[in-house]
Each structure stands twice: as structure tokens, then as C-alpha cells.
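K.L.:
First the structure, which I've put down as C-alpha cells, then a few questions once you've had a look.
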Amino acid sequence: MSRDTRRALGLAGLLAGAGATHFAAPKFYDAMIPEVLPGAPRLWTYGSAVAEFTTAAALAVPRTRRSGGLAAALLFAAVLPGNVKMAVDARRSDSAAFRTGTILRLPMQLPLIMWALDVRRAAR
């Protein structure tokens with residue numbers, strides 16, 4: 001298996017795992033949904049899980065990997081406001097580890113976007 005395939009499948013696994021956690025612990029993700037979005041937060045939580053599973057599937061299939069890489073980059077950019085909200089809300093948490101984790105999570109979006117774009121570039 002080539003390095004490019006391993007990177008694409010690794011990203012697919014990350015997204016599929018994230019999607020699964022949205023269904024396993026939706027309450028956690030509901031709290032991240034910005035209030036300006038219409039509808040119930042749970043709808044957005046489940047919708048983002050579906051988007052993650054769909055993107056993971058696109059990355060796993062060589063024929064759709066190029067569009068999957070772009071979709072993953074856009075998805076990582078789209079969830080950034082939720083991650084910012086989570087970090088802002090975490091200031092009220094009693095857990096220093098949680099507060100720190102939410103802040104450290106923010107700069108991780110850029111490497112994830114770059115990873116997705118690299119997978120897109122490498123796809124044929």
C-alpha cells in the first residue's frame with residue numbers, strides 16, 4: 001500500500017471515528033453548535049456526523065478521493081466556528097484539562113486542512 005493511500009485511509013478513519021462519536025455522545029457536540037444556526041442543535045450534530053461519514057467514504061475510494069480531500073478540507077474549515085465556541089464556553093469549566101484541550105484543539109484545524117488538501121493533490 002502506498003504512502004498516499006495510507007494517508008487517505010488514515011484521514012478517512014479519523015473522520016469516520018469522529019462521525020461515530022457524534023452519534024455515541026451527541027450531547028457533547030450539541031453544546032458546540034453556534035446559536036446563530038437555525039434549527040435544533042441535535043440536527044446539526046447528526047448532520048455533521050453524516051457529512052463526516054460521507055467524506056470518509058469518499059476518501060476511502062480511489063475514484064472519489066480527490067473530491068473527498070476537498071470535502072474534508074471544507075468540513076474542517078466549516079467546524080472551526082463550533083470549535084471556537086467550545087473554547088469560549090470552556091472558560092466556565094472547572095476542568096483545567098478541558099479548558100486547555102479546547103484551546104489546543106483550535107490550531108489543529110490547519111494541519112487537518114493541509115492533510116486533506118495533500119490527499120486531494122495526491123489523488124489521481
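Convention: chains lettered A, B, ... in C-alpha cells order; per-chain residue numbering from 1; ligands numbered from 1 as shown.
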Which residues, written as a ChimeraX atom specification, have at least one atom at most 8 Å from region 105-108 of chain A, with only C-alpha atoms counted and residues fewer than 6 positions away on the same chain left out?
P.N.:
/A:80,83-84
K.L.:
Excluding Trp44 (chain A) and residues on its chain fewer than 6 positions from it, collect all residues at most 12 Å away from it, counting only C-alpha atoms, and give them as a list in words.
P.N.:
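Residues meeting the cut-off are His22, Phe23, Pro26, Lys27, Tyr29, Asp30, Ala31, Met32, Ile33, Pro34, Glu35, Val36, Leu37, Pro38, Val50, Ala51, Ala78, Val79 and Gly82 of chain A.
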K.L.:
Which is closest to Ala49 (chain A) among A:Thr21, A:Arg124, A:Asp4, A:Pro81, if we use only C-alpha atoms?
P.N.:
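Closest to Ala49 (chain A) of all the choices is A:Thr21.
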K.L.:
Distance CA of Ser67 (chain A)-CA of Glu52 (chain A), one decimal place?
P.N.:
13.5 Å
K.L.:
Looking at only C-alpha atoms, which of A:Gly101, A:Gly19, A:Gly68, A:Pro62 is the one that sits closest to Thr45 (chain A)?
P.N.:
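Among the listed residues, A:Gly19 lies closest to Thr45 (chain A).
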K.L.:
I need the residue nearest Leu110 (chain A) from this list: A:Leu74, A:Ala56, A:Met86, A:Ala122. Use only C-alpha atoms for the distance.
P.N.:
A:Leu74
K.L.:
What does the distance from CA of Gly39 (chain A) to CA of Arg91 (chain A) come to in Å, to one decimal?
P.N.:
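Calculated distance between CA of Gly39 (chain A) and CA of Arg91 (chain A) is 25.6 Å.
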K.L.:
Between A:Pro41, A:Arg99, A:Leu117, A:Tyr46, which residue has the minimum interatomic distance to Ala24 (chain A), considering only C-alpha atoms?
P.N.:
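Residue with the minimum atom-to-atom distance to Ala24 (chain A): A:Tyr46.
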K.L.:
Just the alpha helix (DSSP H) stuff from chain A, please, per backbone DSSP, written as JSON, numbers by chain.
P.N.:
{"A": [3, 4, 5, 6, 7, 8, 9, 10, 11, 12, 13, 14, 15, 16, 17, 18, 19, 20, 21, 22, 23, 24, 26, 27, 28, 29, 30, 41, 42, 43, 44, 45, 46, 47, 48, 49, 50, 51, 52, 53, 54, 55, 56, 57, 58, 59, 60, 65, 66, 67, 68, 69, 70, 71, 72, 73, 74, 75, 76, 77, 78, 80, 81, 82, 83, 84, 85, 86, 87, 88, 89, 96, 97, 98, 99, 100, 101, 102, 103, 104, 105, 109, 110, 111, 112, 113, 114, 115, 116, 117, 118, 119, 120, 121, 122]}
K.L.:
Can you pull out the residues contacting Ala60 (chain A)? Cut-off 8 Å, using only C-alpha atoms, and skip same-chain residues under 3 positions away; I want them as a PyMOL selection string.
P.N.:
chain A and resi 8-9+12+56-57+64-65
K.L.:
Looking at only C-alpha atoms, which of A:Arg7, A:Thr102, A:Gly17, A:Val61 is the one that sits closest to Met114 (chain A)?
P.N.:
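Closest residue, counting only C-alpha atoms: A:Arg7.
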K.L.:
Can you work out the spacing between CA of Leu11 (chain A) and CA of Arg63 (chain A) in Å, to one decimal?
P.N.:
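The value is 15.9 Å.
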K.L.:
Measuring atom to atom with only C-alpha atoms, identify which of A:Ile103, A:Ala58, A:Met1, A:Leu43 is nearest to Lys85 (chain A).
P.N.:
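For Lys85 (chain A), the nearest of the given residues is A:Ile103.
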